[in-house]
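Visitor: Okay, so here is target_18.cif, and as you'll see once you scroll down, it has mmCIF, C-alpha atoms.
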```cif
data_run
#
loop_
_atom_site.label_atom_id
_atom_site.label_comp_id
_atom_site.auth_asym_id
_atom_site.auth_seq_id
_atom_site.Cartn_x
_atom_site.Cartn_y
_atom_site.Cartn_z
CA MET A 24 -43.61 20.08 -57.86
CA SER A 25 -42.74 23.63 -56.82
CA HIS A 26 -39.39 24.34 -55.14
CA THR A 27 -40.27 27.84 -53.95
CA PRO A 28 -40.78 27.00 -50.25
CA ARG A 29 -37.38 25.34 -50.06
CA THR A 30 -35.66 28.37 -51.68
CA ARG A 31 -37.29 30.73 -49.18
CA THR A 32 -36.08 28.58 -46.30
CA VAL A 33 -32.48 28.77 -47.50
CA LEU A 34 -32.70 32.56 -47.93
CA SER A 35 -34.19 32.93 -44.45
CA CYS A 36 -31.42 30.86 -42.90
CA THR A 37 -28.80 32.94 -44.69
CA LEU A 38 -30.28 36.15 -43.35
CA LEU A 39 -30.41 34.65 -39.87
CA VAL A 40 -26.70 33.71 -40.00
CA LEU A 41 -25.84 37.26 -41.16
CA ALA A 42 -27.89 38.71 -38.35
CA LEU A 43 -26.22 36.48 -35.75
CA THR A 44 -22.79 37.38 -37.14
CA ALA A 45 -23.58 41.06 -36.88
CA GLY A 46 -24.83 40.54 -33.35
CA ALA A 47 -21.67 38.69 -32.36
CA THR A 48 -19.58 41.55 -33.73
CA ALA A 49 -21.59 44.05 -31.73
CA CYS A 50 -21.17 41.96 -28.54
CA SER A 51 -17.40 41.98 -28.88
CA SER A 52 -17.22 45.76 -29.10
CA ASP A 53 -15.45 47.79 -26.47
CA GLY A 54 -18.79 49.13 -25.30
CA ASN A 55 -19.71 45.89 -23.51
CA PRO A 56 -18.34 45.77 -19.94
CA LEU A 57 -18.06 41.95 -20.02
CA SER A 58 -15.43 42.13 -22.78
CA ALA A 59 -13.06 44.28 -20.75
CA ALA A 60 -10.16 42.87 -18.73
CA PRO A 61 -10.97 42.54 -15.01
CA TYR A 62 -10.32 45.75 -13.13
CA ASP A 63 -8.27 45.92 -9.93
CA ALA A 64 -10.73 45.44 -7.06
CA ALA A 65 -8.15 46.06 -4.31
CA ASP A 66 -10.04 49.08 -2.98
CA GLN A 67 -13.31 47.17 -2.84
CA ILE A 68 -12.18 44.01 -1.04
CA SER A 69 -10.86 43.56 2.49
CA PHE A 70 -9.98 40.45 4.50
CA ASN A 71 -9.16 39.68 8.09
CA GLY A 72 -5.58 38.60 7.41
CA PRO A 73 -2.36 40.28 8.52
CA SER A 74 -1.58 43.66 6.93
CA GLY A 75 2.03 44.29 7.96
CA ASP A 76 5.21 42.73 6.63
CA GLY A 77 6.28 39.68 8.58
CA LYS A 78 2.95 39.28 10.34
CA LYS A 79 1.18 35.95 10.16
CA ALA A 80 -2.46 34.97 10.34
CA ASP A 81 -3.82 32.98 13.25
CA PRO A 82 -4.69 29.51 11.86
CA ASP A 83 -7.25 29.14 14.66
CA LYS A 84 -9.42 31.85 13.09
CA PRO A 85 -11.50 31.44 9.92
CA LEU A 86 -10.61 33.45 6.83
CA GLU A 87 -13.10 36.20 5.96
CA VAL A 88 -13.32 38.27 2.76
CA THR A 89 -15.66 41.28 2.60
CA ALA A 90 -16.90 43.58 -0.16
CA GLU A 91 -16.52 47.20 1.02
CA ASP A 92 -18.14 48.92 -1.97
CA ASP A 93 -21.94 49.15 -1.88
CA ASP A 94 -22.03 49.14 -5.68
CA GLY A 95 -20.16 45.83 -6.09
CA ARG A 96 -20.32 42.26 -4.90
CA ILE A 97 -18.14 39.15 -4.59
CA THR A 98 -18.88 36.45 -7.18
CA ASP A 99 -16.24 33.83 -6.35
CA VAL A 100 -13.38 33.12 -3.93
CA THR A 101 -10.66 30.49 -4.32
CA ALA A 102 -8.24 29.95 -1.42
CA MET A 103 -5.38 27.46 -1.73
CA ASP A 104 -2.09 26.82 0.07
CA ALA A 105 1.27 26.17 -1.54
CA THR A 106 0.76 22.40 -1.53
CA GLY A 107 -2.50 22.64 -3.49
CA ARG A 108 -4.93 22.16 -0.60
CA HIS A 109 -8.15 24.14 -1.14
CA VAL A 110 -10.06 25.87 1.64
CA ALA A 111 -13.81 25.32 1.51
CA GLY A 112 -15.96 28.41 2.08
CA GLU A 113 -19.41 29.95 1.98
CA LEU A 114 -20.51 33.08 0.10
CA SER A 115 -23.44 35.11 1.42
CA ALA A 116 -26.50 35.41 -0.81
CA ASP A 117 -25.92 39.14 -1.39
CA GLY A 118 -22.26 38.62 -2.28
CA THR A 119 -20.93 40.89 0.46
CA ARG A 120 -19.10 38.29 2.58
CA TRP A 121 -17.23 35.00 2.13
CA HIS A 122 -15.86 32.96 5.02
CA SER A 123 -13.94 29.69 5.23
CA THR A 124 -15.75 26.60 6.51
CA THR A 125 -12.73 24.29 6.85
CA PRO A 126 -9.72 25.02 9.07
CA LEU A 127 -6.59 26.74 7.79
CA ALA A 128 -3.31 24.91 8.05
CA ALA A 129 -0.60 26.19 10.36
CA SER A 130 2.78 27.34 9.00
CA ALA A 131 1.37 27.54 5.47
CA HIS A 132 1.37 30.09 2.64
CA TYR A 133 -2.03 30.91 1.14
CA THR A 134 -3.09 32.59 -2.08
CA VAL A 135 -6.66 33.89 -2.25
CA ARG A 136 -8.21 34.91 -5.59
CA VAL A 137 -11.34 37.04 -5.30
CA SER A 138 -13.63 37.75 -8.27
CA THR A 139 -16.11 40.63 -8.14
CA GLU A 140 -18.48 42.58 -10.34
CA ASP A 141 -19.69 46.18 -10.16
CA GLU A 142 -23.23 47.49 -10.61
CA ASP A 143 -22.76 47.43 -14.41
CA GLY A 144 -21.61 43.80 -14.40
CA ALA A 145 -17.96 44.58 -15.14
CA PRO A 146 -15.63 41.94 -13.63
CA GLY A 147 -13.03 42.80 -11.00
CA ARG A 148 -10.31 40.82 -9.35
CA ARG A 149 -8.05 40.91 -6.31
CA VAL A 150 -5.32 38.46 -5.36
CA LEU A 151 -4.37 38.19 -1.69
CA ALA A 152 -1.46 36.31 -0.13
CA PHE A 153 -0.61 35.61 3.49
CA ASP A 154 1.15 33.15 5.78
CA THR A 155 -0.25 31.41 8.83
CA GLY A 156 1.63 31.10 12.09
CA LYS A 157 2.63 28.08 14.11
CA PRO A 158 0.00 26.23 16.16
CA THR A 159 -0.15 27.01 19.86
CA THR A 160 0.10 23.35 20.87
CA LYS A 161 2.87 20.85 20.18
CA LYS A 162 0.57 17.82 20.00
CA ARG A 163 0.55 16.30 16.52
CA LEU A 164 -1.62 13.59 15.02
CA LYS A 165 0.58 11.25 13.03
CA VAL A 166 -0.75 8.69 10.56
CA THR A 167 0.97 5.49 9.50
CA PHE A 168 -0.39 3.89 6.35
CA GLY A 169 -0.31 0.16 5.71
CA PRO A 170 0.60 -2.27 4.33
CA LYS A 171 4.20 -1.61 3.31
CA ALA A 172 4.76 -0.29 -0.20
CA GLY A 173 4.75 -3.05 -2.79
CA LYS A 174 2.64 -5.33 -4.95
CA TYR A 175 -0.50 -6.98 -3.54
CA GLY A 176 -3.61 -8.88 -4.53
CA VAL A 177 -6.88 -7.14 -5.41
CA GLY A 178 -8.36 -7.82 -1.96
CA GLN A 179 -5.78 -5.88 0.06
CA PRO A 180 -7.36 -3.17 2.25
CA ILE A 181 -5.44 -0.01 3.17
CA THR A 182 -4.98 0.79 6.84
CA ALA A 183 -4.35 4.08 8.64
CA GLU A 184 -3.00 3.91 12.20
CA LEU A 185 -3.30 7.09 14.31
CA ASN A 186 -0.89 7.83 17.15
CA LYS A 187 -3.67 9.55 19.15
CA PRO A 188 -7.37 8.70 19.51
CA VAL A 189 -9.98 10.73 17.64
CA LYS A 190 -13.49 10.23 19.04
CA ASP A 191 -15.47 13.33 18.04
CA LYS A 192 -17.41 12.91 14.78
CA ALA A 193 -16.56 16.40 13.48
CA GLN A 194 -12.87 15.85 14.23
CA ARG A 195 -13.01 12.46 12.52
CA ALA A 196 -14.43 14.19 9.45
CA ILE A 197 -11.44 16.57 9.39
CA VAL A 198 -9.03 13.65 9.60
CA GLU A 199 -10.83 11.49 7.05
CA ARG A 200 -11.20 14.34 4.56
CA ALA A 201 -7.42 14.74 4.57
CA LEU A 202 -6.66 11.05 3.90
CA LYS A 203 -6.54 10.69 0.14
CA VAL A 204 -6.61 7.45 -1.86
CA ASP A 205 -6.24 7.65 -5.65
CA SER A 206 -6.19 4.62 -7.90
CA MET A 207 -5.54 4.20 -11.59
CA PRO A 208 -7.88 2.89 -12.96
CA ALA A 209 -10.19 4.91 -10.72
CA THR A 210 -12.58 3.08 -8.41
CA GLU A 211 -15.13 4.06 -5.78
CA GLY A 212 -14.07 3.50 -2.16
CA ALA A 213 -14.43 4.74 1.42
CA TRP A 214 -12.72 4.77 4.82
CA TYR A 215 -14.19 2.90 7.80
CA TRP A 216 -13.37 3.82 11.41
CA VAL A 217 -12.52 0.50 13.07
CA ASP A 218 -11.95 2.32 16.37
CA ASP A 219 -10.62 5.67 17.62
CA LYS A 220 -7.11 5.01 16.30
CA GLU A 221 -7.55 2.81 13.20
CA LEU A 222 -9.21 3.24 9.80
CA HIS A 223 -9.50 0.81 6.89
CA TYR A 224 -10.06 1.76 3.26
CA ARG A 225 -11.47 -0.53 0.58
CA PRO A 226 -13.22 -0.05 -2.76
CA LYS A 227 -16.85 -0.98 -3.30
CA GLU A 228 -15.61 -3.98 -5.29
CA TYR A 229 -12.13 -5.51 -5.33
CA TRP A 230 -9.31 -3.34 -6.67
CA PRO A 231 -8.81 -3.55 -10.44
CA ALA A 232 -6.04 -5.88 -11.57
CA HIS A 233 -2.72 -4.18 -12.34
CA ALA A 234 -3.81 -0.94 -10.66
CA THR A 235 -1.60 1.74 -9.09
CA ILE A 236 -2.80 3.10 -5.75
CA GLN A 237 -1.44 6.30 -4.20
CA VAL A 238 -2.22 7.07 -0.53
CA ARG A 239 -1.34 10.37 1.14
CA SER A 240 -2.34 12.66 4.00
CA ASN A 241 -3.04 16.40 3.78
CA LEU A 242 -3.24 16.74 7.57
CA ASP A 243 0.10 18.50 8.08
CA GLY A 244 -0.60 21.76 9.91
CA VAL A 245 -4.38 21.28 9.96
CA LYS A 246 -6.19 21.98 13.23
CA ILE A 247 -8.18 18.96 14.44
CA SER A 248 -9.07 20.21 17.92
CA ASP A 249 -7.90 22.92 20.32
CA ARG A 250 -5.12 20.65 21.52
CA LEU A 251 -4.36 18.60 18.41
CA TRP A 252 -2.93 19.46 14.99
CA GLY A 253 -2.08 17.28 12.04
CA GLY A 254 1.50 16.16 11.53
CA ARG A 255 3.48 14.96 8.55
CA THR A 256 2.76 11.53 7.10
CA LYS A 257 4.80 9.39 4.73
CA PRO A 258 2.82 8.66 1.55
CA LEU A 259 2.27 5.11 0.30
CA LYS A 260 2.26 3.55 -3.15
CA LEU A 261 0.81 0.12 -3.90
CA THR A 262 0.23 -1.85 -7.06
CA THR A 263 -1.99 -4.85 -7.67
CA GLY A 264 -1.22 -7.95 -9.68
CA ASP A 265 -3.56 -10.38 -11.40
CA ARG A 266 -7.04 -10.88 -9.95
CA ILE A 267 -6.55 -14.15 -8.05
CA ILE A 268 -9.61 -15.48 -6.21
CA ALA A 269 -9.78 -18.93 -4.64
CA VAL A 270 -13.25 -20.23 -3.74
CA THR A 271 -13.56 -23.24 -1.44
CA ASP A 272 -16.90 -25.04 -1.34
CA ALA A 273 -16.91 -26.85 2.00
CA SER A 274 -19.91 -28.98 1.00
CA SER A 275 -18.34 -30.34 -2.18
CA HIS A 276 -14.80 -30.40 -0.71
CA ASN A 277 -13.40 -28.55 -3.72
CA MET A 278 -11.40 -25.37 -4.28
CA THR A 279 -11.65 -23.47 -7.58
CA VAL A 280 -8.92 -20.93 -8.34
CA TYR A 281 -9.68 -18.06 -10.73
CA LYS A 282 -7.18 -15.80 -12.44
CA ASN A 283 -8.62 -12.67 -14.06
CA GLY A 284 -12.02 -14.36 -14.24
CA GLU A 285 -10.82 -17.65 -15.75
CA VAL A 286 -10.60 -20.99 -13.91
CA ILE A 287 -6.96 -22.06 -13.73
CA LYS A 288 -7.14 -24.94 -11.23
CA GLU A 289 -9.57 -27.14 -9.31
CA LEU A 290 -8.24 -28.81 -6.19
CA PRO A 291 -9.76 -31.47 -3.91
CA VAL A 292 -9.61 -30.24 -0.30
CA THR A 293 -10.78 -30.99 3.20
CA THR A 294 -12.05 -28.30 5.59
CA GLY A 295 -13.06 -28.17 9.26
CA LYS A 296 -14.93 -31.12 10.71
CA PRO A 297 -17.93 -30.77 13.05
CA GLY A 298 -16.94 -28.70 16.07
CA PHE A 299 -14.04 -27.12 14.15
CA GLU A 300 -15.86 -25.77 11.08
CA THR A 301 -13.93 -23.46 8.77
CA ARG A 302 -15.07 -19.84 8.75
CA ASN A 303 -17.32 -18.80 5.87
CA GLY A 304 -16.78 -15.65 3.88
CA VAL A 305 -13.97 -13.69 2.30
CA LYS A 306 -10.47 -13.72 3.77
CA VAL A 307 -7.36 -12.04 2.44
CA VAL A 308 -3.96 -13.74 2.25
CA LEU A 309 -1.84 -12.34 5.11
CA GLY A 310 1.41 -14.10 4.28
CA LYS A 311 3.09 -17.37 3.37
CA GLU A 312 5.27 -19.66 5.50
CA TYR A 313 7.12 -22.63 4.03
CA PHE A 314 7.15 -24.44 7.39
CA VAL A 315 4.86 -24.07 10.42
CA ARG A 316 4.66 -26.26 13.50
CA MET A 317 0.96 -26.57 14.33
CA ARG A 318 -0.24 -27.54 17.81
CA GLY A 319 -3.76 -28.16 19.03
CA THR A 320 -3.07 -26.11 22.16
CA SER A 321 -2.96 -22.96 19.98
CA ILE A 322 -6.71 -23.27 19.36
CA GLY A 323 -7.67 -24.44 22.85
CA ILE A 324 -7.35 -28.22 22.47
CA ALA A 325 -6.00 -29.81 25.63
CA GLU A 326 -2.68 -31.60 25.20
CA GLY A 327 -3.11 -35.37 25.33
CA SER A 328 -6.82 -35.28 24.50
CA SER A 329 -8.33 -37.22 21.60
CA GLU A 330 -8.22 -34.10 19.38
CA SER A 331 -4.67 -33.11 20.33
CA TYR A 332 -2.10 -32.73 17.56
CA ASP A 333 1.47 -31.51 17.02
CA LEU A 334 2.40 -31.57 13.32
CA PRO A 335 5.04 -30.16 10.96
CA VAL A 336 3.17 -28.38 8.16
CA TYR A 337 4.57 -27.21 4.82
CA TYR A 338 3.45 -24.70 2.20
CA ALA A 339 1.23 -22.82 4.66
CA THR A 340 -0.68 -19.80 3.33
CA ARG A 341 -2.08 -17.78 6.25
CA VAL A 342 -5.57 -16.22 6.07
CA THR A 343 -6.27 -15.38 9.76
CA TRP A 344 -4.08 -14.26 12.65
CA SER A 345 -5.62 -16.96 14.86
CA GLY A 346 -4.03 -19.69 12.76
CA GLU A 347 -6.23 -20.59 9.81
CA TYR A 348 -4.15 -21.64 6.82
CA VAL A 349 -4.40 -23.28 3.43
CA HIS A 350 -1.65 -25.89 3.68
CA ALA A 351 -0.28 -29.30 2.75
CA ALA A 352 -2.00 -32.12 4.65
CA PRO A 353 -0.58 -35.42 3.32
CA TRP A 354 -2.14 -37.31 6.25
CA SER A 355 -5.66 -36.54 4.95
CA VAL A 356 -5.24 -37.13 1.20
CA GLY A 357 -7.75 -40.00 1.34
CA SER A 358 -10.43 -37.63 2.66
CA GLN A 359 -9.68 -34.68 0.39
CA GLY A 360 -12.52 -34.21 -2.08
CA TYR A 361 -14.81 -36.45 0.03
CA GLU A 362 -15.16 -35.30 3.64
CA ASN A 363 -14.11 -32.59 6.11
CA VAL A 364 -11.63 -33.84 8.71
CA SER A 365 -9.43 -30.85 9.62
CA HIS A 366 -9.46 -28.64 12.70
CA GLY A 367 -10.45 -25.56 10.67
CA CYS A 368 -7.72 -25.18 8.07
CA THR A 369 -8.08 -26.04 4.39
CA GLY A 370 -5.91 -29.08 3.67
CA MET A 371 -4.71 -30.44 0.34
CA SER A 372 -2.00 -32.69 -1.06
CA THR A 373 1.61 -31.52 -0.81
CA GLY A 374 1.84 -31.00 -4.59
CA ASN A 375 -1.36 -28.95 -4.72
CA ALA A 376 -0.36 -26.95 -1.64
CA GLU A 377 2.98 -26.11 -3.27
CA TRP A 378 1.20 -24.95 -6.43
CA PHE A 379 -1.22 -22.81 -4.38
CA PHE A 380 1.67 -21.41 -2.32
CA ASP A 381 3.51 -20.38 -5.49
CA THR A 382 0.38 -18.97 -7.19
CA VAL A 383 -1.15 -16.70 -4.55
CA HIS A 384 0.35 -13.60 -2.97
CA GLU A 385 -0.36 -11.33 -0.03
CA GLY A 386 -3.65 -9.54 -0.65
CA ASP A 387 -5.20 -12.24 -2.83
CA VAL A 388 -8.71 -13.41 -2.00
CA VAL A 389 -9.64 -16.75 -0.38
CA LYS A 390 -13.39 -17.29 -0.02
CA VAL A 391 -15.16 -20.15 1.77
CA VAL A 392 -18.80 -21.02 1.05
CA ASN A 393 -21.26 -23.63 2.34
CA SER A 394 -19.47 -24.28 5.60
CA TYR A 395 -21.35 -24.65 8.87
CA GLY A 396 -18.82 -22.31 10.49
CA ASP A 397 -19.36 -18.68 11.48
CA THR A 398 -18.63 -15.87 9.04
CA MET A 399 -15.11 -14.47 9.12
CA GLU A 400 -14.80 -11.52 11.53
CA THR A 401 -14.73 -8.15 9.78
CA PHE A 402 -11.82 -6.85 11.88
CA GLY A 403 -9.30 -8.15 14.38
CA ASN A 404 -8.44 -11.57 12.95
CA GLY A 405 -7.04 -10.57 9.58
CA PHE A 406 -8.90 -8.81 6.81
CA GLY A 407 -12.57 -9.72 6.75
CA ASP A 408 -13.42 -6.24 5.41
CA TRP A 409 -15.17 -7.63 2.33
CA ASN A 410 -17.75 -9.47 4.44
CA LEU A 411 -19.40 -6.14 5.31
CA LYS A 412 -21.91 -5.05 2.67
CA TRP A 413 -21.10 -1.78 0.95
CA ASN A 414 -24.05 0.16 2.39
CA LYS A 415 -22.95 -0.81 5.92
CA TRP A 416 -19.31 -0.10 5.13
CA ARG A 417 -20.21 3.49 4.14
CA LYS A 418 -21.87 3.95 7.54
CA GLY A 419 -18.46 3.50 9.15
CA SER A 420 -17.21 6.67 7.45
CA ALA A 421 -17.41 10.09 9.11
CA LEU A 422 -18.06 11.59 5.65
CA THR A 423 -20.41 9.22 3.82
CA ALA A 424 -22.50 7.93 6.75
CA GLY A 425 -26.10 8.96 6.18
CA THR A 426 -25.49 10.28 2.67
CA PRO A 427 -27.16 8.62 -0.33
CA GLU A 428 -24.95 6.46 -2.50
CA ALA A 429 -24.20 7.76 -5.98
CA PRO A 430 -26.01 5.83 -8.74
CA SER A 431 -24.01 3.12 -10.46
CA ALA A 432 -23.08 3.31 -14.14
CA GLU A 433 -25.95 0.92 -14.92
CA GLN A 434 -28.40 3.04 -12.94
CA ARG A 435 -27.18 6.23 -14.63
CA ALA A 436 -27.70 4.59 -18.02
CA ARG A 437 -31.30 3.77 -17.11
CA LEU A 438 -31.90 7.39 -16.12
CA ARG A 439 -30.86 8.74 -19.51
CA PRO A 440 -33.75 9.66 -21.85
CA GLU A 441 -34.21 7.44 -24.84
CA SER A 442 -33.37 8.81 -28.28
CA VAL A 443 -36.34 10.05 -30.32
#
```
In structure tokens, how does this file's structure come out?

Guide:
Amino acid sequence: MSHTPRTRTVLSCTLLVLALTAGATACSSDGNPLSAAPYDAADQISFNGPSGDGKKADPDKPLEVTAEDDDGRITDVTAMDATGRHVAGELSADGTRWHSTTPLAASAHYTVRVSTEDEDGAPGRRVLAFDTGKPTTKKRLKVTFGPKAGKYGVGQPITAELNKPVKDKAQRAIVERALKVDSMPATEGAWYWVDDKELHYRPKEYWPAHATIQVRSNLDGVKISDRLWGGRTKPLKLTTGDRIIAVTDASSHNMTVYKNGEVIKELPVTTGKPGFETRNGVKVVLGKEYFVRMRGTSIGIAEGSSESYDLPVYYATRVTWSGEYVHAAPWSVGSQGYENVSHGCTGMSTGNAEWFFDTVHEGDVVKVVNSYGDTMETFGNGFGDWNLKWNKWRKGSALTAGTPEAPSAEQRARLRPESV
């Protein structure tokens, strides 16, 4: 067999490498304008900021950068304040003008980096710096994040309480864009406007176990409307513990408790009887009370009627503000695991209630299935946030409503071409 063709191929490849090397050397010569350091484009670029010492820009006005030289154009603009907040902007198709599309913050220091190129393609650069003045109004939007800093279960939503109402959709977008939630490990999530003064944030799925969640606001000094500017907000740090999920099947009268995906306990229980059915759906532990005095009058039962009750209750884990608990019910031990006899709470033996009380924490998940009761309210009676499907939850955001959802990791994998 002849080896000549193979030898020629090797020689050809060698010549090609030499040719590419020579070409690379030629490209790095001083004759190529792209290899030169960026020239000072100060004479070619102007902006509508203050020009004198001590003068400050009006934060009510957009920032505008213009190319003055007919032979050059703007290629990129980066504007950022001293806290790291970027200003979004738009560059004209011909590269002669860039203007900001998000509001400037008041009482802030900005650095603007402008990149240009001349008619020969040589790069230029100009760095601008300016300060913005104080807002003309004293009204400030303050945000209070919740819950308090600490460790919670994987079902704990984040809340943002506003001291003033925000109704306009564009103004809501300004506010929401400035409310940042970062988790490690990272997870997809979104804000939901409960009303004009309250937002909730939750991930698409529950938080990862043992995650760290940082919540902050970049609203300080940002104009929201002609009469309202953002104020300072205290940041929030949360962590999550183990993934604790308790699932109560009202039809089989049984609760199964999972820890990080593994079953750790099965408990016989009783739930709400006909007329007092326990709510279906996901609830989040709101708190724990060793002793609670429970009265029928608190849920509308007339005192002295056949359904009236007044009982001391121990090891009570609260899941709604209206008074639904998981608690010790020694009076119904004979029915636990067999029938539903409570007035809406989930009852179990004193020993099992003590174990549950010691095992779960605020933010852990308690889910009820196969009850004849209504589904837990999304808002207003605790945290029923997880009962809203993700596509509907996104519609409650001023930023993601109406935008297509990003493909999941599984969907992205299916879109990748197969190897050949």

Visitor: List the spatial neighbours of A:Thr101 as a list in words - criterion: any atom at most 10 Å away, all atoms listed in the file, same-chain residues fewer than 2 positions off excluded.

Guide: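 The residues satisfying every condition are Asp99, Met103, His109, Val110, Ala111, Gly112, Thr134, Val135, Arg136, Val137, Ser138 and Val150 of chain A.
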
Visitor: With C-alpha atoms retained, write the just-selected residues as a tab-separated table (two decimals), in the frame of the given file.

Guide:
```tsv
chain	number	residue	atom	x	y	z
A	99	ASP	CA	-16.24	33.83	-6.35
A	103	MET	CA	-5.38	27.46	-1.73
A	109	HIS	CA	-8.15	24.14	-1.14
A	110	VAL	CA	-10.06	25.87	1.64
A	111	ALA	CA	-13.81	25.32	1.51
A	112	GLY	CA	-15.96	28.41	2.08
A	134	THR	CA	-3.09	32.59	-2.08
A	135	VAL	CA	-6.66	33.89	-2.25
A	136	ARG	CA	-8.21	34.91	-5.59
A	137	VAL	CA	-11.34	37.04	-5.30
A	138	SER	CA	-13.63	37.75	-8.27
A	150	VAL	CA	-5.32	38.46	-5.36
```

Visitor: Using only C-alpha atoms, which of A:Arg120, A:His366, A:His132, A:Lys288 sits nearest A:Thr301?

Guide: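 Going through A:Arg120, A:His366, A:His132, A:Lys288 one by one, the smallest distance to A:Thr301 is for A:His366.
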
Visitor: If you count all atoms listed in the file, which residues fall within 9 Å of stretch 282-286 of chain A, apart from same-chain ones fewer than 4 positions away, as JSON, numbers by chain?

Guide: {"A": [232, 265, 266, 267, 268, 269]}

Visitor: With only C-alpha atoms as the basis for distance, which of A:Arg108, A:Arg200, A:Lys78, A:Arg255 is at the shortest distance from A:Phe168?

Guide: A:Arg255

Visitor: Point out the residue among A:Thr155, A:Thr423, A:Thr262, A:Thr279 with the least atom-to-atom distance to A:Pro126, counting only C-alpha atoms.

Guide: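 That would be A:Thr155, the residue with the smallest distance to A:Pro126.
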
Visitor: Extending 6 Å beyond the listed atoms of stretch 239-243 of chain A on each side, what axis-aligned box results? I want centre and edge lengths in Å to one decimal, as AutoDock Vina command-line options.

Guide:
```
--center_x -1.6 --center_y 14.4 --center_z 4.6 --size_x 15.3 --size_y 20.1 --size_z 18.9
```

Visitor: I want to know what sits within 9 Å of A:Arg417, based on all atoms listed in the file, with residues of the same chain fewer than 2 positions away left out; could you give that as a list of chain:residue names?

Guide: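 Contacts, with the query itself left out: A:Gly212, A:Ala213, A:Trp214, A:Tyr215, A:Lys412, A:Trp413, A:Asn414, A:Lys415, A:Gly419, A:Ser420, A:Ala421, A:Leu422, A:Thr423, A:Ala424, A:Gly425, A:Thr426, A:Glu428.
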
Visitor: What gap, in Å, lies between atom CA of A:Pro188 and atom CA of A:Lys165?

Guide: 10.6 Å

Visitor: Could you list, as a PyMOL selection string, every residue matched by the PyMOL selection byres ((chain A and resi 368-384) around 7) in this structure?

Guide: chain A and resi 175-176+267+291-295+301+308+338+340+347-353+356+359+365-367+385-387

Visitor: Evaluate the PyMOL selection byres ((chain A and resi 303) around 9) against this structure - the residues, as a PyMOL selection string, please.

Guide: chain A and resi 273+300-302+304-306+390-399

Visitor: Given the file above and the PyMOL selection byres ((chain A and resi 321) around 12), which residues are selected, and can you give them as a PyMOL selection string?

Guide: chain A and resi 316-320+322-326+331-333+344-347+366

Visitor: Any idea what the distance is between atom CA of A:Arg195 and atom CA of A:Ala209?

Guide: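 Between atom CA of A:Arg195 and atom CA of A:Ala209 the gap is 24.6 Å.
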
Visitor: In Å, rounded to a single decimal, give me how far atom CA of A:His122 is from atom CA of A:Glu142.

Guide: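 Separation between atom CA of A:Glu142 and atom CA of A:His122: 22.6 Å.
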
Visitor: Do a neighbour search on A:Pro146 at 6 Å with all atoms listed in the file, toss out local chain neighbours closer than 6 positions, and write the hits as an MDAnalysis selection string.

Guide: chainID A and resid 61 139:140

Visitor: Measuring atom to atom with only C-alpha atoms, identify which of A:Leu261, A:Asp219, A:Ser358, A:Leu164 is nearest to A:Lys192.

Guide: A:Asp219

Visitor: Closest to A:Glu91 among A:Asp117, A:Asp104, A:Asp66, A:Glu330, using all atoms listed in the file?

Guide: A:Asp66

Visitor: Need to verify the contact set: A:Val198, 9 Å, only C-alpha atoms, exclusion of same-chain residues closer than 6 positions in sequence. Can you return it as a PyMOL selection string?

Guide: chain A and resi 189+240-242+245+247+253

Visitor: Limited to C-alpha atoms, could you put the picked residues into a file as a compact mmCIF listing (two decimals), in the coordinates of the input?

Guide:
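Listed below is the output, result_17.txt:
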```
# COMPACT_ATOMS: atom_id res chain seq x y z
CA VAL A 189 -9.98 10.73 17.64
CA SER A 240 -2.34 12.66 4.00
CA ASN A 241 -3.04 16.40 3.78
CA LEU A 242 -3.24 16.74 7.57
CA VAL A 245 -4.38 21.28 9.96
CA ILE A 247 -8.18 18.96 14.44
CA GLY A 253 -2.08 17.28 12.04
```
